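Printed here is my_file.txt (compact mmCIF, C-alpha atoms):
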```
# COMPACT_ATOMS: atom_id res chain seq x y z
CA MET H 11 9.88 30.88 21.05
CA ARG H 12 9.90 28.20 18.36
CA TYR H 13 10.26 25.13 20.60
CA ASP H 14 8.34 26.43 23.63
CA ARG H 15 5.50 23.92 23.39
CA GLN H 16 7.79 20.89 23.47
CA ILE H 17 10.30 22.33 25.94
CA LYS H 18 7.38 22.61 28.38
CA LEU H 19 7.26 18.81 28.54
CA ASP H 20 9.29 17.16 31.29
CA GLU H 21 10.70 14.71 28.73
CA VAL H 22 12.20 17.57 26.69
CA GLY H 23 13.08 20.69 28.66
CA VAL H 24 15.95 22.95 27.67
CA SER H 25 18.48 20.14 27.92
CA GLY H 26 16.37 17.85 25.71
CA GLN H 27 16.08 20.56 23.09
CA GLU H 28 19.85 20.83 23.15
CA LYS H 29 20.10 17.05 22.58
CA LEU H 30 17.81 17.34 19.56
CA ARG H 31 19.93 20.18 18.17
CA ASN H 32 23.08 18.09 18.55
CA SER H 33 21.59 15.06 16.76
CA SER H 34 21.55 13.95 13.16
CA VAL H 35 19.17 11.65 11.28
CA LEU H 36 19.42 10.12 7.80
CA ILE H 37 16.07 9.55 6.09
CA VAL H 38 16.34 6.86 3.40
CA GLY H 39 13.56 7.43 0.89
CA VAL H 40 11.55 10.65 0.85
CA GLY H 41 8.18 9.08 0.03
CA GLY H 42 5.03 8.19 1.94
CA LEU H 43 6.96 7.44 5.15
CA GLY H 44 9.91 9.80 4.69
CA CYS H 45 7.84 12.96 4.05
CA PRO H 46 5.90 13.03 7.34
CA ALA H 47 8.94 11.81 9.30
CA ALA H 48 11.06 14.60 7.83
CA GLN H 49 8.41 17.25 8.51
CA TYR H 50 8.12 16.42 12.20
CA LEU H 51 11.84 15.94 12.76
CA VAL H 52 12.61 19.27 11.11
CA GLY H 53 9.82 20.90 13.11
CA ALA H 54 11.25 19.45 16.33
CA GLY H 55 14.64 21.02 15.64
CA ILE H 56 16.92 18.05 14.92
CA GLY H 57 20.31 19.63 14.15
CA ARG H 58 21.06 17.92 10.87
CA ILE H 59 18.93 15.82 8.54
CA GLY H 60 20.08 13.85 5.50
CA LEU H 61 17.65 13.01 2.70
CA ILE H 62 18.57 10.29 0.24
CA ASP H 63 16.28 9.55 -2.71
CA HIS H 64 16.96 9.09 -6.42
CA ASP H 65 13.31 9.32 -7.40
CA ARG H 66 11.31 12.16 -8.94
CA VAL H 67 7.90 13.50 -7.92
CA SER H 68 5.02 11.97 -9.87
CA LEU H 69 1.30 12.72 -9.83
CA SER H 70 0.41 9.48 -8.04
CA ASN H 71 2.72 10.47 -5.14
CA LEU H 72 0.72 13.57 -4.21
CA HIS H 73 -2.09 11.88 -2.26
CA ARG H 74 0.34 10.74 0.44
CA GLN H 75 3.63 12.61 0.05
CA LEU H 76 2.43 15.97 1.27
CA LEU H 77 5.75 17.79 1.05
CA PHE H 78 5.22 17.90 -2.72
CA THR H 79 2.85 20.01 -4.81
CA GLU H 80 1.60 19.91 -8.39
CA GLU H 81 4.38 22.32 -9.33
CA ASP H 82 7.00 19.75 -8.35
CA LEU H 83 6.07 17.02 -10.85
CA GLY H 84 9.20 15.60 -12.45
CA LYS H 85 11.56 17.25 -9.96
CA SER H 86 13.97 15.48 -7.61
CA LYS H 87 12.18 14.45 -4.42
CA ALA H 88 15.19 15.04 -2.17
CA ALA H 89 15.85 18.52 -3.61
CA VAL H 90 12.21 19.65 -3.41
CA ALA H 91 11.88 18.23 0.11
CA LYS H 92 14.91 20.22 1.25
CA LEU H 93 13.37 23.43 -0.09
CA ARG H 94 10.05 22.88 1.74
CA LEU H 95 11.67 21.67 4.95
CA GLN H 96 13.97 24.66 5.02
CA GLN H 97 10.84 26.88 4.89
CA ILE H 98 9.50 25.07 7.97
CA ASN H 99 12.74 25.45 9.90
CA SER H 100 15.79 27.27 8.56
CA GLU H 101 17.80 26.38 11.67
CA VAL H 102 18.06 22.74 10.60
CA GLU H 103 20.95 21.76 8.35
CA ILE H 104 19.72 19.57 5.50
CA ASP H 105 21.95 17.36 3.32
CA VAL H 106 20.64 16.05 0.02
CA PHE H 107 21.78 12.88 -1.76
CA GLU H 108 20.09 12.41 -5.14
CA GLU H 109 21.16 8.79 -5.59
CA PRO H 110 19.93 5.36 -4.55
CA LEU H 111 21.22 3.82 -1.34
CA SER H 112 23.62 1.09 -2.48
CA THR H 113 26.05 -1.49 -1.19
CA GLU H 114 28.79 0.99 -2.16
CA ASN H 115 27.58 4.15 -0.40
CA ALA H 116 25.56 2.85 2.58
CA GLU H 117 28.30 2.47 5.20
CA ASN H 118 30.01 5.78 4.40
CA LEU H 119 26.69 7.64 4.52
CA PHE H 120 25.53 6.02 7.75
CA GLN H 121 28.79 7.02 9.47
CA LEU H 122 27.71 10.65 9.10
CA TYR H 123 24.49 10.30 11.16
CA ASP H 124 23.32 9.16 14.62
CA ILE H 125 20.09 7.43 13.58
CA ILE H 126 18.81 5.99 10.29
CA LEU H 127 15.11 6.18 9.36
CA ASP H 128 13.80 3.70 6.81
CA GLY H 129 11.36 5.21 4.33
CA THR H 130 11.95 2.58 1.65
CA ASP H 131 9.52 0.30 -0.12
CA ASN H 132 11.48 -2.86 -0.92
CA PHE H 133 13.11 -5.78 0.89
CA GLU H 134 16.46 -5.40 -0.80
CA THR H 135 17.02 -1.92 0.66
CA LYS H 136 15.63 -2.88 4.08
CA TYR H 137 18.20 -5.68 4.40
CA LEU H 138 20.87 -3.30 3.14
CA ILE H 139 19.93 -0.70 5.78
CA ASN H 140 19.95 -3.42 8.42
CA ASP H 141 23.37 -4.77 7.52
CA ALA H 142 24.97 -1.33 7.12
CA CYS H 143 23.53 -0.32 10.52
CA ILE H 144 25.04 -3.42 12.16
CA LEU H 145 28.43 -2.66 10.60
CA THR H 146 28.38 1.05 11.53
CA GLU H 147 26.69 0.44 14.91
CA LYS H 148 23.72 2.73 14.26
CA PRO H 149 20.11 2.20 15.33
CA TRP H 150 17.40 2.36 12.67
CA VAL H 151 13.67 2.89 12.69
CA TYR H 152 11.78 0.48 10.46
CA ALA H 153 8.31 0.72 8.98
CA SER H 154 6.51 -1.26 6.30
CA ILE H 155 3.05 -1.17 4.86
CA TYR H 156 0.76 -3.66 3.16
CA LYS H 157 -2.51 -2.04 2.13
CA ASN H 158 -4.15 -0.98 5.42
CA GLU H 159 -1.63 -2.66 7.72
CA GLY H 160 1.65 -1.38 9.06
CA GLN H 161 4.67 -2.78 10.91
CA LEU H 162 6.93 -0.61 13.06
CA SER H 163 10.09 -1.35 15.05
CA VAL H 164 13.50 -0.05 16.09
CA PHE H 165 16.45 -2.28 15.23
CA ASN H 166 20.07 -2.46 16.32
CA PHE H 167 19.42 -0.13 19.28
CA GLN H 168 21.56 -0.74 22.38
CA GLU H 169 22.41 -4.34 21.49
CA GLY H 170 18.78 -5.06 20.59
CA PRO H 171 17.52 -7.37 17.81
CA SER H 172 17.99 -6.62 14.11
CA TYR H 173 15.65 -6.93 11.14
CA ARG H 174 17.25 -10.31 10.34
CA CYS H 175 16.27 -11.49 13.83
CA LEU H 176 12.64 -10.79 12.91
CA PHE H 177 12.76 -11.99 9.30
CA PRO H 178 15.84 -14.18 8.70
CA LYS H 179 14.37 -15.39 5.40
CA THR H 180 13.59 -12.72 2.84
CA SER H 181 10.30 -12.85 1.01
CA ARG H 182 9.99 -13.13 -2.73
CA GLN H 183 6.84 -11.04 -2.62
CA ASN H 184 8.12 -7.53 -3.01
CA ILE H 185 4.81 -5.77 -3.23
CA SER H 186 4.90 -1.99 -3.16
CA CYS H 187 2.15 0.47 -2.28
CA GLU H 188 2.07 1.40 -5.98
CA ALA H 189 0.99 -2.15 -6.73
CA THR H 190 -1.47 -2.82 -3.88
CA GLY H 191 -2.87 0.63 -3.29
CA VAL H 192 -2.69 2.53 -0.01
CA LEU H 193 -4.57 5.29 1.79
CA GLY H 194 -2.38 8.36 2.22
CA VAL H 195 -2.98 8.36 5.97
CA THR H 196 -1.37 4.94 6.45
CA PRO H 197 2.23 5.92 5.65
CA GLY H 198 1.37 9.28 7.23
CA ILE H 199 0.68 7.59 10.55
CA LEU H 200 3.60 5.14 10.31
CA GLY H 201 6.09 7.83 9.23
CA THR H 202 4.98 10.07 12.08
CA MET H 203 5.40 7.18 14.54
CA GLN H 204 8.90 6.60 13.15
CA ALA H 205 9.71 10.24 13.92
CA ALA H 206 8.37 9.70 17.45
CA GLU H 207 10.78 6.75 17.93
CA VAL H 208 13.67 8.94 16.79
CA LEU H 209 12.72 11.63 19.32
CA LYS H 210 12.38 9.02 22.12
CA MET H 211 15.85 7.63 21.39
CA ILE H 212 17.47 11.06 21.39
CA LEU H 213 15.61 12.27 24.49
CA ASP H 214 16.04 8.95 26.29
CA ALA H 215 12.30 9.05 27.02
CA GLY H 216 9.66 6.34 27.30
CA ASN H 217 9.94 2.85 25.84
CA VAL H 218 11.72 2.70 22.51
CA LEU H 219 10.22 -0.01 20.26
CA SER H 220 13.45 -2.00 20.34
CA GLY H 221 12.79 -5.76 20.57
CA LYS H 222 9.14 -5.04 19.82
CA LEU H 223 7.14 -5.16 16.63
CA LYS H 224 4.11 -2.92 16.54
CA LEU H 225 1.36 -3.98 14.16
CA ILE H 226 -1.21 -1.44 13.14
CA ASN H 227 -4.42 -1.99 11.23
CA ILE H 228 -5.97 1.26 10.06
CA LEU H 229 -9.31 -0.36 9.20
CA SER H 230 -9.92 -2.60 12.21
CA GLY H 231 -8.34 -0.17 14.66
CA GLN H 232 -6.73 -3.15 16.38
CA ASP H 233 -3.05 -2.80 17.19
CA GLN H 234 -0.70 -5.49 18.48
CA LEU H 235 2.67 -5.39 20.17
CA LEU H 236 4.83 -8.49 19.64
CA THR H 237 8.15 -9.33 21.28
CA ILE H 238 11.11 -10.05 18.98
CA SER H 239 13.87 -12.36 20.21
CA LYS H 240 17.46 -11.61 19.33
CA ARG H 241 19.14 -14.12 17.02
CA THR H 242 22.80 -13.45 17.72
CA GLU H 243 23.91 -15.76 14.90
CA GLU H 244 22.13 -13.56 12.34
CA ILE H 245 23.94 -10.45 13.58
CA GLU H 246 27.32 -12.21 13.75
CA LYS H 247 26.88 -13.45 10.18
CA VAL H 248 26.57 -9.86 8.95
CA LYS H 249 29.58 -8.72 10.97
CA LYS H 250 31.67 -11.51 9.50
CA ARG H 251 30.76 -11.20 5.84
CA GLY H 252 30.10 -7.44 5.54
CA ILE H 253 27.62 -6.10 3.04
CA ILE H 254 26.50 -8.27 0.18
CA PRO H 255 23.58 -7.46 -2.06
CA VAL H 256 20.39 -9.38 -1.36
CA LYS H 257 19.39 -10.78 -4.68
CA ILE H 258 16.74 -13.39 -5.13
CA GLU H 259 17.01 -15.13 -8.46
CA CYS H 260 14.88 -17.73 -10.17
CA LYS H 261 14.51 -19.62 -13.42
CA ILE H 262 11.66 -19.48 -15.86
CA SER H 263 9.82 -22.82 -16.23
CA ASP H 264 9.19 -22.68 -19.98
CA GLU H 265 12.28 -21.37 -21.73
CA SER H 266 10.79 -21.70 -25.22
CA LYS H 267 8.43 -18.77 -24.74
CA LEU H 268 9.17 -15.04 -24.92
CA TYR H 269 8.35 -13.01 -21.82
CA LEU H 270 8.14 -9.31 -20.94
CA ASP H 271 8.91 -8.44 -17.31
CA ILE H 272 7.45 -5.00 -16.51
CA ARG H 273 8.46 -4.98 -12.83
CA GLU H 274 10.82 -2.36 -11.46
CA ILE H 275 14.45 -3.46 -11.18
CA PHE H 276 14.30 -3.83 -7.38
CA GLU H 277 11.35 -6.20 -7.45
CA GLN H 278 12.24 -9.78 -6.61
CA PRO H 279 12.73 -12.53 -7.55
CA ARG H 280 14.76 -11.57 -10.63
CA VAL H 281 14.40 -13.95 -13.53
CA ASN H 282 17.83 -14.93 -14.86
CA SER H 283 17.09 -17.53 -17.52
CA GLY H 284 15.06 -18.02 -20.68
CA LYS H 285 13.94 -15.31 -23.08
CA VAL H 286 12.85 -12.39 -20.91
CA LEU H 287 12.66 -8.76 -21.99
CA GLN H 288 13.01 -6.54 -18.93
CA ILE H 289 11.32 -3.17 -19.32
CA PRO H 290 10.15 -1.66 -16.01
CA LEU H 291 6.73 0.02 -16.11
CA SER H 292 8.36 3.35 -15.23
CA GLU H 293 10.41 3.20 -18.47
CA LEU H 294 7.80 1.60 -20.68
CA GLU H 295 6.68 4.77 -22.43
CA ASP H 296 10.20 5.48 -23.70
CA ARG H 297 11.02 1.90 -24.63
CA ILE H 298 7.89 0.70 -26.42
CA GLU H 299 9.85 0.21 -29.64
CA GLU H 300 11.90 -2.55 -28.03
CA ILE H 301 8.82 -4.78 -27.84
CA PRO H 302 8.36 -7.02 -30.91
CA LYS H 303 4.91 -7.10 -32.51
CA GLN H 304 5.11 -10.40 -34.38
CA GLU H 305 5.72 -13.21 -31.92
CA GLU H 306 3.57 -14.03 -28.93
CA ILE H 307 4.79 -12.40 -25.68
CA LEU H 308 3.72 -13.30 -22.15
CA VAL H 309 3.66 -10.14 -20.01
CA PHE H 310 4.12 -10.45 -16.27
CA CYS H 311 4.51 -8.42 -13.08
CA GLN H 312 4.35 -9.43 -9.41
CA SER H 313 0.63 -10.22 -9.16
CA GLY H 314 -0.80 -9.94 -12.67
CA LYS H 315 -2.54 -6.62 -12.00
CA ARG H 316 -0.09 -4.16 -13.49
CA SER H 317 0.71 -6.46 -16.41
CA LYS H 318 -3.00 -6.69 -17.26
CA LYS H 319 -3.18 -2.90 -17.48
CA VAL H 320 -0.08 -2.85 -19.67
CA VAL H 321 -1.47 -5.50 -22.03
CA ASP H 322 -4.78 -3.64 -22.35
CA LEU H 323 -3.08 -0.28 -22.85
CA LEU H 324 -0.56 -1.48 -25.44
CA LYS H 325 -3.35 -3.17 -27.34
CA ALA H 326 -5.69 -0.17 -27.30
CA GLN H 327 -3.17 2.59 -27.94
CA PHE H 328 -0.23 0.98 -29.76
CA GLU H 329 -1.88 -1.86 -31.68
CA PHE H 330 -0.09 -4.75 -29.97
CA ASN H 331 -2.16 -7.86 -30.65
CA ASN H 332 0.49 -10.37 -29.60
CA LEU H 333 0.51 -9.81 -25.83
CA ILE H 334 -0.90 -12.19 -23.25
CA ASN H 335 -1.17 -11.35 -19.57
CA VAL H 336 0.26 -13.81 -17.04
CA GLU H 337 -2.51 -13.98 -14.49
CA GLY H 338 -1.16 -14.65 -11.02
CA GLY H 339 2.16 -12.96 -11.76
CA VAL H 340 5.77 -14.09 -11.66
CA GLU H 341 5.25 -16.94 -9.17
CA THR H 342 3.19 -18.88 -11.70
CA ILE H 343 5.88 -19.00 -14.40
CA ILE H 344 9.03 -19.82 -12.44
CA ASP H 345 10.52 -22.99 -11.02
CA GLY H 346 10.19 -23.79 -7.34
CA MET Q 7 -7.78 -28.10 22.39
CA LYS Q 8 -8.64 -24.69 21.02
CA VAL Q 9 -6.21 -22.01 19.86
CA LYS Q 10 -6.92 -18.58 18.44
CA VAL Q 11 -5.17 -17.82 15.17
CA LYS Q 12 -4.63 -14.35 13.69
CA TYR Q 13 -3.56 -13.67 10.11
CA PHE Q 14 -1.78 -10.56 8.85
CA GLY Q 15 -1.04 -9.01 5.46
CA MET Q 16 -1.51 -11.22 2.43
CA ILE Q 17 -1.97 -14.28 4.66
CA ALA Q 18 -5.31 -12.84 5.80
CA GLU Q 19 -6.23 -12.58 2.13
CA SER Q 20 -5.21 -16.19 1.41
CA ALA Q 21 -7.23 -17.35 4.42
CA GLY Q 22 -10.16 -15.06 3.63
CA LYS Q 23 -10.29 -14.00 7.28
CA ALA Q 24 -8.26 -12.08 9.86
CA GLU Q 25 -8.74 -14.60 12.67
CA GLU Q 26 -10.32 -17.90 13.62
CA VAL Q 27 -10.45 -20.39 16.47
CA LEU Q 28 -9.01 -23.82 15.60
CA ASP Q 29 -9.37 -27.16 17.29
CA VAL Q 30 -5.94 -28.80 17.27
CA ALA Q 31 -4.64 -32.06 18.70
CA PRO Q 32 -2.98 -31.76 22.11
CA GLY Q 33 0.80 -31.61 21.75
CA THR Q 34 0.67 -29.79 18.42
CA SER Q 35 3.67 -27.49 17.99
CA ALA Q 36 3.52 -24.00 16.52
CA ILE Q 37 5.51 -25.18 13.51
CA GLU Q 38 3.09 -28.06 12.89
CA LEU Q 39 0.18 -25.64 13.04
CA LYS Q 40 1.98 -23.41 10.54
CA ASP Q 41 2.49 -26.33 8.14
CA GLN Q 42 -1.20 -27.27 8.39
CA GLN Q 43 -2.41 -23.75 7.67
CA VAL Q 44 0.11 -23.20 4.87
CA GLN Q 45 -1.33 -26.31 3.18
CA LYS Q 46 -4.94 -25.43 3.90
CA TYR Q 47 -4.82 -21.86 2.60
CA GLN Q 48 -1.99 -22.31 0.09
CA ILE Q 49 0.01 -19.58 1.80
CA ALA Q 50 2.74 -18.43 -0.56
CA ASP Q 51 6.37 -17.99 0.40
CA ALA Q 52 5.83 -19.87 3.67
CA GLU Q 53 9.53 -19.88 4.59
CA SER Q 54 9.50 -16.15 5.24
CA VAL Q 55 6.35 -16.27 7.40
CA GLN Q 56 7.01 -15.82 11.13
CA LEU Q 57 4.77 -16.96 13.98
CA ALA Q 58 4.11 -15.22 17.26
CA VAL Q 59 2.73 -17.35 20.09
CA ASN Q 60 1.04 -15.24 22.77
CA GLN Q 61 2.62 -12.07 21.31
CA ASN Q 62 6.08 -13.66 21.36
CA LEU Q 63 7.90 -14.15 18.07
CA ASP Q 64 9.18 -17.56 18.97
CA ASN Q 65 7.76 -20.50 17.10
CA LYS Q 66 9.78 -23.30 18.66
CA VAL Q 67 7.08 -24.05 21.21
CA GLU Q 68 4.35 -26.56 21.87
CA LEU Q 69 0.87 -25.05 21.90
CA ASN Q 70 -1.47 -24.99 24.89
CA GLU Q 71 -5.21 -24.56 25.20
CA GLY Q 72 -6.19 -20.92 24.68
CA ASP Q 73 -2.92 -19.83 23.04
CA GLU Q 74 -2.99 -17.06 20.48
CA VAL Q 75 -0.92 -17.63 17.36
CA ALA Q 76 -0.22 -14.80 14.89
CA PHE Q 77 0.87 -15.52 11.30
CA LEU Q 78 3.11 -12.72 10.17
CA PRO Q 79 4.42 -12.20 6.64
CA PRO Q 80 7.18 -9.70 5.92
CA PHE Q 81 6.03 -6.80 3.79
CA ALA Q 82 7.90 -3.91 2.34
CA GLY Q 83 5.55 -1.17 1.14
CA GLY Q 84 6.19 2.45 2.01
```
Kindly transcribe the structure held in the file into structure tokens.
Amino acid sequence: MRYDRQIKLDEVGVSGQEKLRNSSVLIVGVGGLGCPAAQYLVGAGIGRIGLIDHDRVSLSNLHRQLLFTEEDLGKSKAAVAKLRLQQINSEVEIDVFEEPLSTENAENLFQLYDIILDGTDNFETKYLINDACILTEKPWVYASIYKNEGQLSVFNFQEGPSYRCLFPKTSRQNISCEATGVLGVTPGILGTMQAAEVLKMILDAGNVLSGKLKLINILSGQDQLLTISKRTEEIEKVKKRGIIPVKIECKISDESKLYLDIREIFEQPRVNSGKVLQIPLSELEDRIEEIPKQEEILVFCQSGKRSKKVVDLLKAQFEFNNLINVEGGVETIIDG
Amino acid sequence: MKVKVKYFGMIAESAGKAEEVLDVAPGTSAIELKDQQVQKYQIADAESVQLAVNQNLDNKVELNEGDEVAFLPPFAGG
């Protein structure tokens, strides 16, 4: 019997297994967090799982996104994930959405599921998930990673606090795992813990991490559990205004110079003044011809690390001798 | 009076340490301690940083001897 080992637990039993079968979960982002979460939820026999991701499998994903293999490079993450997950458990119904979560589709999508699981890697989408969950009255399981540290919580569960109660002010430092580096096990552990929170909510077992923020440090081995207070005004604000995109904009300090912004389009703050060419690193290869070779260009990213690599690479391989790296990243060239 | 301070994420990098014990003036509030440390370690994006006093994410309090204060930045990686 497929589910025998979990049905044996008092917290599950035959009735719990039935609850799992009658539940649905939407996984937003099938990456480092979404892959392990999806694997365990499919294994556990959740009735229906939605996967939303517009991204494609790349080589640097494979060390942590273990649903994907070398054969999948360039293919749609959501589509490949469905194929693999269906091999694990064909009883689970799997919906695939090969598009980004947006202010337009979030509420309609969330209506179709009981619980939302956040496998995203940027603030903009986390606030979007939060607000859409408030408006559709769905709980969501949050996780975030910075290098060897992780944060985990459940928001909007049974009148509990929301993400805006924890962080009312968004950060301008949208630093992804691609930029900082991460051990594959870190999202593996966090994503698996997110799946555990989903199971606890459905089975009504144990203490759901609602109103709590769990902090994990893979290196030190020291975990912390903090208590989050509800800020009702933050939740009411969302209910009143509905969904609006979180966009953090800034102005460049020296508008006489030409800049090249190689950050991805979701990375904040967005620069909306001066002379700034915006070519995300992921599109750079195809758009090299858009970069002038005559005038001096200051190249920047979030921290100065990626832009340094770009400057070195363009110089060595494409004979650009007019590029200067902005050490310290975007914060050093903007106002405020 | 002495308080124990813990730093997370990039704040630990700005401070060059994950924790330390600080001697602060009696009556210091959590927000005043935050302002001091933001200045001292040039912590970026201070507005978004949240404090937890004795594992409670509530920074509108006055500190007492032996309190533990955690400095928590939002982060978004996944």
Nearby residues (only C-alpha atoms) at most 8 Å from H:Asn158, same-chain spacing under 5 positions excluded, as a PDB file with C-alpha atoms, in the coordinates of the input:
```pdb
ATOM      1  CA  VAL H 192      -2.690   2.530  -0.010  1.00  0.00           C
ATOM      2  CA  LEU H 193      -4.570   5.290   1.790  1.00  0.00           C
ATOM      3  CA  THR H 196      -1.370   4.940   6.450  1.00  0.00           C
ATOM      4  CA  ASN H 227      -4.420  -1.990  11.230  1.00  0.00           C
ATOM      5  CA  ILE H 228      -5.970   1.260  10.060  1.00  0.00           C
ATOM      6  CA  LEU H 229      -9.310  -0.360   9.200  1.00  0.00           C
TER       7      LEU H 229
END
```
Just give me the gap between atom CA of H:Thr242 and atom CA of H:Pro171 in Å, one decimal is fine.
8.1 Å
Please return, as an MDAnalysis selection string, all residues of chain Q lying within 7 Å of chain H when all atoms listed in the file are considered.
chainID Q and resid 15 51 53:54 61:63 80:84
Between atom CA of Q:Met16 and atom CA of H:Val340, what is the spacing in Å?
16.1 Å
With distances taken over all atoms listed in the file, which of H:Pro290, H:Tyr173, H:Ile343, H:Ile144 is nearest to H:Lys249?
H:Ile144
As a PDB file with C-alpha atoms, in the coordinates of the input, please: the residues near H:Ser33 (cut-off 8 Å, only C-alpha atoms, same-chain neighbours under 3 positions excluded).
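Contents of the output file selection-v7.pdb:
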```
ATOM      1  CA  LYS H  29      20.100  17.050  22.580  1.00  0.00           C
ATOM      2  CA  LEU H  30      17.810  17.340  19.560  1.00  0.00           C
ATOM      3  CA  ILE H  56      16.920  18.050  14.920  1.00  0.00           C
ATOM      4  CA  GLY H  57      20.310  19.630  14.150  1.00  0.00           C
ATOM      5  CA  ARG H  58      21.060  17.920  10.870  1.00  0.00           C
ATOM      6  CA  TYR H 123      24.490  10.300  11.160  1.00  0.00           C
ATOM      7  CA  ASP H 124      23.320   9.160  14.620  1.00  0.00           C
ATOM      8  CA  ILE H 212      17.470  11.060  21.390  1.00  0.00           C
TER       9      ILE H 212
END
```
I'd like the neighbourhood of stretch 46-49 of chain Q as a PyMOL selection string, where a residue qualifies if any of its atoms comes within 12 Å (using all atoms listed in the file), though same-chain residues fewer than 5 positions away should be ignored.
(chain H and resi 183) or (chain Q and resi 13-23+39-41+54-55+77-79)
Place a sphere of radius 8 Å on (0.0, -31.8, 21.8) in the file coordinates and name every protein, DNA or RNA residue with an atom inside or on its surface, counting only C-alpha atoms; give the answer as a ChimeraX atom specification.
/Q:31-35,68-70
So which residues touch Q:Ala76 within 6 Å, counting all atoms listed in the file, skipping near sequence neighbours fewer than 2 positions away, as a ChimeraX atom specification?
/Q:11-13,57-58
Could you dump the residues just selected with C-alpha atoms as a PDB file, in the coordinates of the input?
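That gives us result-v8.pdb:
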```pdb
ATOM      1  CA  VAL Q  11      -5.170 -17.820  15.170  1.00  0.00           C
ATOM      2  CA  LYS Q  12      -4.630 -14.350  13.690  1.00  0.00           C
ATOM      3  CA  TYR Q  13      -3.560 -13.670  10.110  1.00  0.00           C
ATOM      4  CA  LEU Q  57       4.770 -16.960  13.980  1.00  0.00           C
ATOM      5  CA  ALA Q  58       4.110 -15.220  17.260  1.00  0.00           C
TER       6      ALA Q  58
END
```
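Here atom CA of H:Val164 and atom CA of H:Ile126 stand 9.9 Å from one another.
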Just checking: using all atoms listed in the file, which residue out of Q:Val44, Q:Ala36, Q:Asn60, Q:Leu28 ends up closest to Q:Val9?
Q:Leu28
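Closest to H:Asn32 among H:Leu213, H:Phe107, H:Lys247, H:Gln97 is H:Leu213, based on only C-alpha atoms.
Neighbouring residues of H:Leu77 at 7 Å or closer, counting all atoms listed in the file and skipping chain neighbours under 4 positions away, are Cys45, Ala91 and Arg94 of chain H.
Residue nearest Q:Gly72, chosen from Q:Gln45, Q:Val59, Q:Asp29, Q:Lys8 and counting only C-alpha atoms: Q:Lys8.
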Stretch 26-42 of chain Q, all listed atoms, 8 Å padding on each side: what axis-aligned box centre and edge lengths in Å to one decimal come out, as JSON?
```
{"center_x": -2.5, "center_y": -25.0, "center_z": 15.1, "size_x": 32.0, "size_y": 30.2, "size_z": 30.0}
```
